[in-house]
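Undergrad: Structure incoming, see below.
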Amino acid sequence: MIPNDPATRPIDFLRGMLIIRKAEERLARDFKSGSLPGPVHLYIGQEAVAVGVCSQLGARDWITSTHRGHGHFLAKGGDPAAMFAEVYGRRSGICGGFGGSMHVADVSKGILGANGIVGGGIGLATGAALAAQLDGSGQVGVCFFGDGAAAQGVLGEALNLAALWKLPLILICENNGFSEFSPTGRVIAGAIFERAQPFGVPARRVDGNDVEAVAAATADAVTRAREGGGATLIEAITYRLHGHVEGESAFLKTQYRTGDEIEHWRRDDPIGRFAALLEARGELDPEGFELLEQEVKKIIEAAADSAGNDPYPDVDSLDAHLLGAA
Amino acid sequence: MIPNDPATRPIDFLRGMLIIRKAEERLARDFKSGSLPGPVHLYIGQEAVAVGVCSQLGARDWITSTHRGHGHFLAKGGDPAAMFAEVYGRRSGICGGFGGSMHVADVSKGILGANGIVGGGIGLATGAALAAQLDGSGQVGVCFFGDGAAAQGVLGEALNLAALWKLPLILICENNGFSEFSPTGRVIAGAIFERAQPFGVPARRVDGNDVEAVAAATADAVTRAREGGGATLIEAITYRLHGHVEGESAFLKTQYRTGDEIEHWRRDDPIGRFAALLEARGELDPEGFELLEQEVKKIIEAAADSAGNDPYPDVDSLDAHLLGAA
Amino acid sequence: MTRKRMIHAINDALAEEMERDERVILIGEDVGASIFGDTRGLLDRFGPARVRDTPISEALLGGMAVGAAAAGYRVVCHLMYANFVYTAFDAIANQAARLRLMTNGQIRLPVTFIASGGGGRSNAGQHSDYPHTTVAGLGGIYVATPATASDAKGLLKTAIRTDDPVFFLQPTSRGGEMGEVPDGDHTVPLGKARIVREGGSVTIVAIGAMLRAANKAAEALSEEGIDVEIVDPRTCFPLDENLILDSVRKTGRLVVVDEARRAGSMAGPIAALVAEKVFDSLKAPIVPVTTRDLAIAYAPPLEQAMIPGPTDIIEAVRRISKESVT
Amino acid sequence: MTRKRMIHAINDALAEEMERDERVILIGEDVGASIFGDTRGLLDRFGPARVRDTPISEALLGGMAVGAAAAGYRVVCHLMYANFVYTAFDAIANQAARLRLMTNGQIRLPVTFIASGGGGRSNAGQHSDYPHTTVAGLGGIYVATPATASDAKGLLKTAIRTDDPVFFLQPTSRGGEMGEVPDGDHTVPLGKARIVREGGSVTIVAIGAMLRAANKAAEALSEEGIDVEIVDPRTCFPLDENLILDSVRKTGRLVVVDEARRAGSMAGPIAALVAEKVFDSLKAPIVPVTTRDLAIAYAPPLEQAMIPGPTDIIEAVRRISKESVT
Ligand SMILES: Cc1ncc(C[n+]2csc(CCOP(=O)(O)OP(=O)(O)O)c2C)c(N)n1
Ligand SMILES: Cc1ncc(C[n+]2csc(CCOP(=O)(O)OP(=O)(O)O)c2C)c(N)n1
Ligand SMILES: [Mg+2]
Ligand SMILES: [Mg+2]
C-alpha cells in the first residue's frame, strides 16, 4: 500500500505517514469503544521513522519489528485491511487471527513480523541479514527496536557478530523517549548510537521526526550494506504521543510525563511538520494536504470497516499448527 | 593462603603467583595420570591477573569467577587443600565434592564461585555490587571473565545498569587470546575495553602479565568504587599457556595456534618476568626465587596429597539439598 | 478476614515483608508504575534504594537477583509476563536452581521470581504462557501457583522468607478477582496443598487459574449427583504428594486440570505420582484437561477454545464417573 | 550396514544433508574445531560461508537461526552442552516454538538445534542436564532423543529436512559408542517410536542415554524369566502414542526410564498418556526410574548414584512383576 522505492516522492512520504496515522487513530477509537480483543501499542508520532526507513527498501528486503509494529507493517507495504482484520482477530487477518496486533507479519512483503518480546527482532534480523549475505542478492535485514530494547544484551551480541561477519544488517533504534513508563535516561546510560562505535559499526543519530533525514540516513546504510560494507546503527529521535499501551490511564496511578512535554512534541508532529515544509517549498498547498488526508482516511476507514465485518476463525483451524498432525 | 592486602609486598605477589602455578602444575599431572574425575581448565600463564586484582581486595569484597577459576579462588584466599579435594571430588572439598573444578566457591572468603556458564558470573557480580551498595559498606563486586565471554550480551546489560546505578562493580576481562579454539579476533570485534566507553564507564587495558600493573589498575578501580564513583572495566592482556581444557590434544584434530606463538608468550611468563624484575631491582636473589618456588611447591604438593587421601562424599549427603526435605 | 482483589493481596504481601525485613528488595521493569498493580505504591513507600525500576535486561536481572541474594539480601525479582522467564532463563536454570547443591549449601538464595502467566486476555502467543513445569523441572526452585487472593498473599510472604529460590506465578486473568484474605501475618507454607472442596466420587486437581473453572464444574456436577473433591496443590514443586494421594485413595478417580500445554502440564507428574503410589485405589482412567500443545492464539474464539473451561472439566469428570456406576 | 560411533553417525548425517541441499548451514561456537567431534571436518569440506564458528552469544544464535530459517535457509544451530539451551532459551521458547502459529504458517522454521546432554562424565551441575521435556513443553518444537548411532543419523537427517524446529539432544556419555548404521540415505521419521526388544511381561520405555541401561536390565531380567519389552520413543515430542499404548496393552505393565530429573522427566507425560488411554490394560503401578530432583553432583559416587542404572531398572521391573504372578 505504501510504496517502497528509493525514488519515493515527497508526497509519497506524506501519504505513507498519513496512512499509518489514520490507521492508528482508528485503532485508538476502536480501543475506546471496546471493540479490540487485546492490547494495542500505537505508533502515533513516530511515523516518519517507519516511512523514512522503508522508503529505501525493496520488497525483498527483510524487516523485523516490535510490539509497536503497525507502522512498520504498513510502511513496508502491508495491507491495511489485512492488518485491521488481524488486530480484530478475524480469519481474514494477515495471520488468520492467530497473532494479533503484536504479531502482524507478511512474509511476502519481507515483514518477518511484529514481536512481543522486547529485543526479539534483533536476532531475527541478524539471521535474515545472514541469509541475505549467503544469497549474495544485495538484500538487507532491517531491525526496528526501541530505546528500551537497547538495554537487551542481544543488541551487543548482534553488533559484535554483524561487525565480524560484515552482515548487511541495519539497526534502527527508535528512541521515543520512553521504555514503558520509564523515561529513557533512567534506563539507558549514554547515547545509544555510540554503542556501535567500539565494534567498528558506523552509527549516527537523526531527527526521527524528519522523514527526509531518516530516509537519507537509511539510504547511506542501505548502500553500504548492499555493497558489502556491513552493518549500520541509526538512532532516530522521536516521541510517542499516545500511551505505552492504549488505555494505560485506566490502570496507571502515577504520571510519567507532563502535558507540557507532550504539547511540545505535538508541535513537532512529523506529519504536520512535513506538510508545512512541503507548503513552504511550494510542493503542496493547504487544500492539497486536506484532500490527501481525507482521501487516506476514507480508504483506511473502509478497510477497517470491512475487516470488522469479517468472521472469526474456526476453532478447527488450530489443528493445522499441531506438530506431527499432518 | 594468598594475602589480600593493598599493601602487598612484591614478594607476596611472587608467592601468590607461584601458589597458583604449582597448584595448576599438579592438576596437570593429575589429569595426565587419569586421577581427575572431570574436566579441568588451567590458568597457567594468567596468574598475574588473579594475584594483581585480588591483592587489592579485602576478605569481604566479592568475586565471581569462570570455568578457569582455580587462580581466582586461590588468589582471593581460598584454601589449596580444600580446592584440591573439591577437584578430586572428595567430601573435604570446599563444596563437599558437589561442585568440582568449575564450581569452587568459598563464600566466607567472598568467593561466589567459579562458573561453568560463560558470562554467568557477570550477573552475579552485579548483584553482589548492588548488595554492597545497599550495605553502604564500601565493599566491591569483582567479576573475572574471559575475552570470549565479552561476546555475551549480559556484559552490555551490566555496563548499562552499573553506569545508571553507579554500582561498585569491577569487571576484569582476562583476554588470554582465545575463546576455546577461536583466536579472539575471530569472535570479538574491536577492543573489549572500549565497549565501556559509550556507557560512561571508565575502562583501560593493562599488560595482564605484569602483576604490578594489574594491581595498580585495580587499585584505581577499587578506590573509585569504594568512593561511590561507580564501575570500571579493566582488560588485562595475557595468554593461556595450556590448552583450553586439559587433554584437548587427544580430541582436537586441528591446530588453532602455533608452537612459536606459545614460545613467544612463554618468554613473557608473568612469574619468570616478575622474578627477573625483582632481581634487577635487587629485591630478590636467584637462590631466593628457587627457595621460594621449592617452598611453595612443597606446601602445594602436601595439600594435594592429603586431599587425595580424603574419602568421597556419602550418597546420603545428596538428601540435604532436596527442596522441602528438611 | 478482608475481601480483597488478588493483586492487592500480593501488594500487601510485598509491603508487609518489606516492612518486616529491611533486607527485602524489589527489582524489575517499571515496578514503580506497576503494569499489573501488584507492586504499586512500594517505590513511594520504601524508596528507590529498595524498589528499583530496571532497564529491560532480563538476563541480567536474573543473575543480579542471584548475586544480591548470595551477598545477603532477600530479593524479589519481578519478571512481569511469565514468558519473560524465558528471557531470564539462563540465570534461573543454570544459577538459581543449582548454586545450593554445587556449593554444598554455602550459597542459599532467598530469591522470589514473580511473574504473571496464562491466557484469557488475547495477549497472544508471547504473553500467555503458564510455565510452572518449565521451572519445576529444574529441581532447585519452589514453584508456587496461587489460585486465590488468600493463598497468593500467604504463599508470597512465605516465599520471601524462604532461603531458597521460589517462582511465584500469578494468574494474569485473575488479578482482579476478589477473595477473603485472613488479617494479620498470614502465611501459607510452601509444599502444602489444600482441599478446596470435599467430595467422595472424583478428585480434581486444579492448578492456579484453573481453580475457578474447577469450582464451577463441581457446582454443576453436584447437581448431577457427582460429588467432586477439589485439590489445589498451591505449590507445584515440590508437590504435596500425600494430600493428593489421600484424596485419590478416597475417590479412586482423578482429573488434572492445568492451563499449561499438555506436554508441559502437571497432568504428567501428578498422573505419574498417582499411577505409581496408589494404583490399587484407581477405579478409572486418569483424565488430563489441559491446553493443546500449541502457542496460545489471539482471536478470542480460538483462545477460549484452547484454554480449559468448566465444560471441559465436566466432560472429563463425567467420562470417568459413568464407569464408576458399573 | 556399517559399524560406527554415534558421534560419527551424526557427523555423516550433517555432511550428507549439507551435500544434498546447499541451503543447509551450520552455526555454533567452535563447530570448526568441534569439541565433541560431531561437526569435525565440515568447515574444511563446506567452507566458512556455510559452516560458521560464532562468538559465545547463545541468545543471538537462537534468534539468528530463526531469522535465517525464516529467510529461506535450513539452519543447524549447535548449542554444544544442553545447558546452554537455557542461555538461548528466549529465542527457542518465544520465537522458534511460536512463529508458525502466530503467523498462521507464513513462517515455517527449518531449524535444528543440536545439543549434547546428560551426565556420567563428572561435568557437574551446569553441564549435565537432559532438558528434553523443557523443550517439549513448548509445543512447537520436535524433540528427538536418539539412543543409537543409527537413530542419531536417521533422526538428524530427517530433522534437517523438516520445515519445523527440531531439538536434537544427543547423549554426551554415548558419543563414542559403536552401532550398526544402515548405508545409503538412512532417515528415521520424527514421531515414530521403535520396539527395541519384544517381550510380553513388562514394557520399559527408555529415553535416550537410558536405553543402554534398559537393555542391560532386560538381559538380567530375562534370566529371571521376566520377559521385558523395550520401547525407545526416539522422539519425545510429539510422542508416538500408539506404539507405546500398544505395548502396554500387551504387557499391562510399565516402567519409564529417563535420565532427567523426576519433575521434568518423560515419566510424567507417558504415565499420563497410559493412565488415560489404556487404564484397563494396566495390571500394576507405573514405575518411574529417573534422576532425583537435584542438580547433577560432581563426585563420581554421587553422580553414579543419581543417574539411573541397570540395577534401578531391574528393581523397578521386579517390583511390578512380582504382582503379576499373583
Ligand atoms: C523481553 C520483554 N521484556 C519486557 C517486556 C514488556 N515490555 C513491553 S514494551 C516494553 C517497553 C519497550 O520500550 P521500547 O523498546 O523503548 O519500545 P516502545 O514501547 O517505546 O516503542 C516493555 C518493558 C516485553 N514485551 N518483552
Ligand atoms: C553459556 C556457555 N556457552 C558456551 C560454553 C562453552 N565454553 C566453555 S569455555 C568457552 C570459551 C570461553 O572463552 P573465554 O571467555 O575467553 O575464557 P577462557 O576459556 O579463555 O578462559 C566456551 C565457549 C559455556 N561453558 N557456557
Ligand atoms: Mg521507547
Ligand atoms: Mg579467553
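By convention in this document, the chains of the C-alpha cells carry letters A, B, ... by their order, each chain's residues are numbered from 1, and ligands are numbered from 1 in the order they are shown.
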Using only C-alpha atoms, find the residues of chain A whose closest atom to chain C is at most 6 Å away, then write them as a list in words.

TA: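 Using only C-alpha atoms, chain A residues at most 6 Å from chain C: Pro37, Gly38, Gly89, Gly97, Phe98, Gly99, Gly100, Gly116, Ala151, Gln152, Val187 and Val315 of chain A.
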
Undergrad: Distance limit 6 Å, atoms considered: only C-alpha atoms. Which chain B residues sit that close to chain A? Return them as a ChimeraX atom specification.

TA: /B:151,153-154,156-157,160,164,189-190,194-195,198-199

Undergrad: Next, the residues of the selection above should be written as a PDB file, in the first residue's frame with C-alpha atoms.

TA:
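Contents of the output file selection12.pdb:
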```pdb
ATOM      1  CA  ALA B 151      30.517 -11.678  23.397  1.00  0.00           C
ATOM      2  CA  GLY B 153      25.106  -9.788  25.828  1.00  0.00           C
ATOM      3  CA  VAL B 154      24.881  -9.704  29.572  1.00  0.00           C
ATOM      4  CA  GLY B 156      26.396  -4.796  27.876  1.00  0.00           C
ATOM      5  CA  GLU B 157      23.440  -5.157  30.213  1.00  0.00           C
ATOM      6  CA  ASN B 160      24.391  -0.131  31.298  1.00  0.00           C
ATOM      7  CA  LEU B 164      22.987   4.089  35.736  1.00  0.00           C
ATOM      8  CA  ALA B 189      35.127  -7.148  17.091  1.00  0.00           C
ATOM      9  CA  GLY B 190      37.173  -4.179  18.228  1.00  0.00           C
ATOM     10  CA  GLU B 194      36.411   0.307  24.584  1.00  0.00           C
ATOM     11  CA  ARG B 195      32.978  -1.207  24.963  1.00  0.00           C
ATOM     12  CA  PRO B 198      29.561   4.615  25.431  1.00  0.00           C
ATOM     13  CA  PHE B 199      28.060   3.785  28.816  1.00  0.00           C
TER      14      PHE B 199
END
```

Undergrad: With only C-alpha atoms considered, list every residue of chain D at most 6 Å from chain C, as a ChimeraX atom specification.

TA: /D:86-87,89-90,94,98,126,134,137,139,263-264,268-269,271-272,275-276,279,285-287,293-295

Undergrad: What would the file look like if the residues just selected were written as a JSON list (two decimals), in the first residue's frame with N, CA, C and O atoms?

TA:
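Below you can see part_37.json, which holds the result:
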```
[["chain", "number", "residue", "atom", "x", "y", "z"],
["D", 86, "TYR", "N", 19.46, -23.24, 27.74],
["D", 86, "TYR", "CA", 18.84, -22.26, 28.64],
["D", 86, "TYR", "C", 19.32, -20.84, 28.29],
["D", 86, "TYR", "O", 18.57, -19.89, 28.42],
["D", 87, "THR", "N", 20.57, -20.74, 27.90],
["D", 87, "THR", "CA", 21.12, -19.43, 27.56],
["D", 87, "THR", "C", 20.46, -18.89, 26.29],
["D", 87, "THR", "O", 20.28, -17.69, 26.12],
["D", 89, "PHE", "N", 17.41, -19.67, 25.49],
["D", 89, "PHE", "CA", 16.03, -20.14, 25.63],
["D", 89, "PHE", "C", 14.98, -19.14, 25.16],
["D", 89, "PHE", "O", 13.91, -19.53, 24.69],
["D", 90, "ASP", "N", 15.25, -17.87, 25.28],
["D", 90, "ASP", "CA", 14.27, -16.88, 24.84],
["D", 90, "ASP", "C", 13.91, -17.09, 23.38],
["D", 90, "ASP", "O", 12.73, -17.15, 23.01],
["D", 94, "ASN", "N", 10.29, -18.30, 22.87],
["D", 94, "ASN", "CA", 9.39, -17.21, 22.48],
["D", 94, "ASN", "C", 9.34, -16.99, 20.97],
["D", 94, "ASN", "O", 8.40, -16.34, 20.48],
["D", 98, "ARG", "N", 6.90, -20.64, 18.29],
["D", 98, "ARG", "CA", 5.61, -19.97, 18.12],
["D", 98, "ARG", "C", 5.35, -19.35, 16.77],
["D", 98, "ARG", "O", 4.21, -19.06, 16.43],
["D", 126, "GLN", "N", 26.31, -27.73, 35.82],
["D", 126, "GLN", "CA", 25.98, -26.83, 34.71],
["D", 126, "GLN", "C", 26.30, -27.43, 33.34],
["D", 126, "GLN", "O", 26.22, -26.74, 32.32],
["D", 134, "THR", "N", 11.84, -29.83, 28.85],
["D", 134, "THR", "CA", 11.80, -28.37, 28.91],
["D", 134, "THR", "C", 11.42, -27.82, 27.53],
["D", 134, "THR", "O", 10.66, -26.86, 27.41],
["D", 137, "GLY", "N", 7.69, -29.11, 26.33],
["D", 137, "GLY", "CA", 6.58, -28.37, 26.91],
["D", 137, "GLY", "C", 6.22, -27.11, 26.14],
["D", 137, "GLY", "O", 5.16, -26.52, 26.36],
["D", 139, "GLY", "N", 5.71, -27.02, 22.93],
["D", 139, "GLY", "CA", 4.66, -27.39, 21.99],
["D", 139, "GLY", "C", 4.98, -27.24, 20.53],
["D", 139, "GLY", "O", 4.42, -27.93, 19.71],
["D", 263, "ALA", "N", 10.79, -34.45, 38.19],
["D", 263, "ALA", "CA", 9.77, -33.43, 37.90],
["D", 263, "ALA", "C", 9.80, -32.98, 36.44],
["D", 263, "ALA", "O", 8.83, -32.41, 35.96],
["D", 264, "GLY", "N", 10.89, -33.23, 35.76],
["D", 264, "GLY", "CA", 10.97, -32.83, 34.36],
["D", 264, "GLY", "C", 11.27, -34.03, 33.48],
["D", 264, "GLY", "O", 11.96, -33.89, 32.47],
["D", 268, "GLY", "N", 6.33, -38.44, 33.48],
["D", 268, "GLY", "CA", 5.07, -37.72, 33.62],
["D", 268, "GLY", "C", 4.17, -37.88, 32.41],
["D", 268, "GLY", "O", 3.13, -38.54, 32.47],
["D", 269, "PRO", "N", 4.56, -37.30, 31.27],
["D", 269, "PRO", "CA", 3.68, -37.38, 30.10],
["D", 269, "PRO", "C", 3.32, -38.81, 29.70],
["D", 269, "PRO", "O", 2.19, -39.07, 29.28],
["D", 271, "ALA", "N", 3.20, -41.54, 31.70],
["D", 271, "ALA", "CA", 2.25, -42.10, 32.67],
["D", 271, "ALA", "C", 0.87, -41.51, 32.44],
["D", 271, "ALA", "O", -0.15, -42.23, 32.50],
["D", 272, "ALA", "N", 0.81, -40.21, 32.17],
["D", 272, "ALA", "CA", -0.49, -39.58, 31.94],
["D", 272, "ALA", "C", -1.17, -40.18, 30.72],
["D", 272, "ALA", "O", -2.37, -40.48, 30.74],
["D", 275, "ALA", "N", -2.17, -43.89, 31.63],
["D", 275, "ALA", "CA", -3.22, -43.99, 32.66],
["D", 275, "ALA", "C", -4.55, -43.44, 32.13],
["D", 275, "ALA", "O", -5.61, -43.72, 32.69],
["D", 276, "GLU", "N", -4.49, -42.66, 31.09],
["D", 276, "GLU", "CA", -5.75, -42.22, 30.49],
["D", 276, "GLU", "C", -6.25, -43.21, 29.44],
["D", 276, "GLU", "O", -7.40, -43.63, 29.47],
["D", 279, "PHE", "N", -5.93, -47.52, 30.57],
["D", 279, "PHE", "CA", -6.04, -47.80, 32.00],
["D", 279, "PHE", "C", -6.48, -49.24, 32.26],
["D", 279, "PHE", "O", -5.95, -49.93, 33.14],
["D", 285, "PRO", "N", 1.18, -50.87, 39.13],
["D", 285, "PRO", "CA", 1.57, -49.45, 39.13],
["D", 285, "PRO", "C", 2.58, -49.15, 38.02],
["D", 285, "PRO", "O", 3.35, -50.03, 37.62],
["D", 286, "ILE", "N", 2.53, -47.93, 37.55],
["D", 286, "ILE", "CA", 3.54, -47.45, 36.60],
["D", 286, "ILE", "C", 4.72, -46.95, 37.42],
["D", 286, "ILE", "O", 4.54, -46.15, 38.34],
["D", 287, "VAL", "N", 5.90, -47.42, 37.09],
["D", 287, "VAL", "CA", 7.04, -47.04, 37.92],
["D", 287, "VAL", "C", 8.03, -46.17, 37.14],
["D", 287, "VAL", "O", 8.53, -46.58, 36.09],
["D", 293, "ASP", "N", 15.31, -34.95, 41.99],
["D", 293, "ASP", "CA", 15.07, -33.55, 41.65],
["D", 293, "ASP", "C", 16.18, -32.64, 42.17],
["D", 293, "ASP", "O", 15.96, -31.75, 42.99],
["D", 294, "LEU", "N", 17.36, -32.88, 41.65],
["D", 294, "LEU", "CA", 18.54, -32.15, 42.08],
["D", 294, "LEU", "C", 19.43, -31.87, 40.88],
["D", 294, "LEU", "O", 19.38, -32.60, 39.88],
["D", 295, "ALA", "N", 20.26, -30.85, 41.01],
["D", 295, "ALA", "CA", 21.32, -30.67, 40.02],
["D", 295, "ALA", "C", 22.26, -31.87, 40.11],
["D", 295, "ALA", "O", 22.43, -32.47, 41.18]]
```

Undergrad: Could you list, as a PyMOL selection string, all the residues within 10 Å of ligand 4, counting only C-alpha atoms and all ligand atoms?

TA: chain B and resi 68+145-150+173-184+237-240+244

Undergrad: Enter the distance from CA of Ala85 (chain A) to CA of Asp310 (chain A), in Å, rounded to one decimal.

TA: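 That distance, rounded to one decimal, is 7.2 Å.
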
Undergrad: I'd like to know which residues of region 1-123 of chain A are strand (DSSP E or B) (by DSSP, run on the backbone); could you write them as number ranges by chain?

TA: A: 62-64, 106, 111

Undergrad: Export C-alpha atoms of the chosen residues as a PDB file, in the first residue's frame?

TA:
```pdb
ATOM      1  CA  TRP A  62      13.611  -8.015   5.348  1.00  0.00           C
ATOM      2  CA  ILE A  63      12.353  -6.131   8.361  1.00  0.00           C
ATOM      3  CA  THR A  64      11.672  -7.196  11.916  1.00  0.00           C
ATOM      4  CA  ASP A 106       3.592 -10.536   5.896  1.00  0.00           C
ATOM      5  CA  ILE A 111       7.866  -8.381   7.013  1.00  0.00           C
TER       6      ILE A 111
END
```

Undergrad: Would you kindly return, as a PyMOL selection string, each protein, DNA or RNA residue with an atom no farther than 12 Å from any atom of region 287-301 of chain B, considering only C-alpha atoms and excluding same-chain residues fewer than 5 positions away?

TA: chain B and resi 1-2+11-27+29-30+74+79-84+271-279+282+306-308

Undergrad: Name the residues in contact with Leu42 (chain A) at a cut-off of 8 Å, using only C-alpha atoms, excluding same-chain residues fewer than 2 positions from it; report them as a VMD selection string.

TA: chain A and resid 24 28 40 44 68 70 242 to 246

Undergrad: Could you pull out the residues in region 77-242 of chain A that DSSP calls helix (DSSP H, G or I) from the backbone, as a PyMOL selection string?

TA: chain A and resi 80-87+101-103+107-109+120-135+148-151+154-165+184-187+192-199+211-226

Undergrad: Which one of A:Val211, A:Ile117, A:Val222, A:Leu252 sits closest to Val51 (chain A) if you count only C-alpha atoms?

TA: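 Distance minimum relative to Val51 (chain A) lands on A:Val211.
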
Undergrad: Counting only C-alpha atoms and all ligand atoms, which residue out of A:Phe144, A:Leu130, A:Ala221, A:Ser92 sits closest to ligand 3?

TA: A:Phe144

Undergrad: Using only C-alpha atoms, which of the listed residues (A:Leu323, A:Val53, A:Ala219, A:Val118) sits closest to Ala75 (chain A)?

TA: A:Val53

Undergrad: Contacts of region 215-220 of chain D at 6 Å or less, counting only C-alpha atoms, minus same-chain residues fewer than 3 places along, as a ChimeraX atom specification?

TA: /D:212,223,228,310,314

Undergrad: Nearest to Ile25 (chain C): which of B:Ala320, B:Leu57, B:Cys95, B:Ala131 is it, counting only C-alpha atoms?

TA: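 That would be B:Ala131, the residue with the smallest distance to Ile25 (chain C).
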
Undergrad: With only C-alpha atoms as the atoms that count, which of C:Val289, C:Ala96, C:Ile160, C:Ile114 lies nearest to Ala214 (chain C)?

TA: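 Among the listed residues, C:Val289 lies closest to Ala214 (chain C).
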
Undergrad: Would you compute the distance between atom 26 (N, counted along the ligand's line) of ligand 1 and CA of Gly69 (chain A)? Give it in Å to one decimal.

TA: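 Here the two named atoms are 13.8 Å from each other.
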
Undergrad: By how many Å are CA of Asp185 (chain C) and CA of Ser116 (chain C) apart?

TA: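 We find that CA of Asp185 (chain C) and CA of Ser116 (chain C) lie 23.8 Å from each other.
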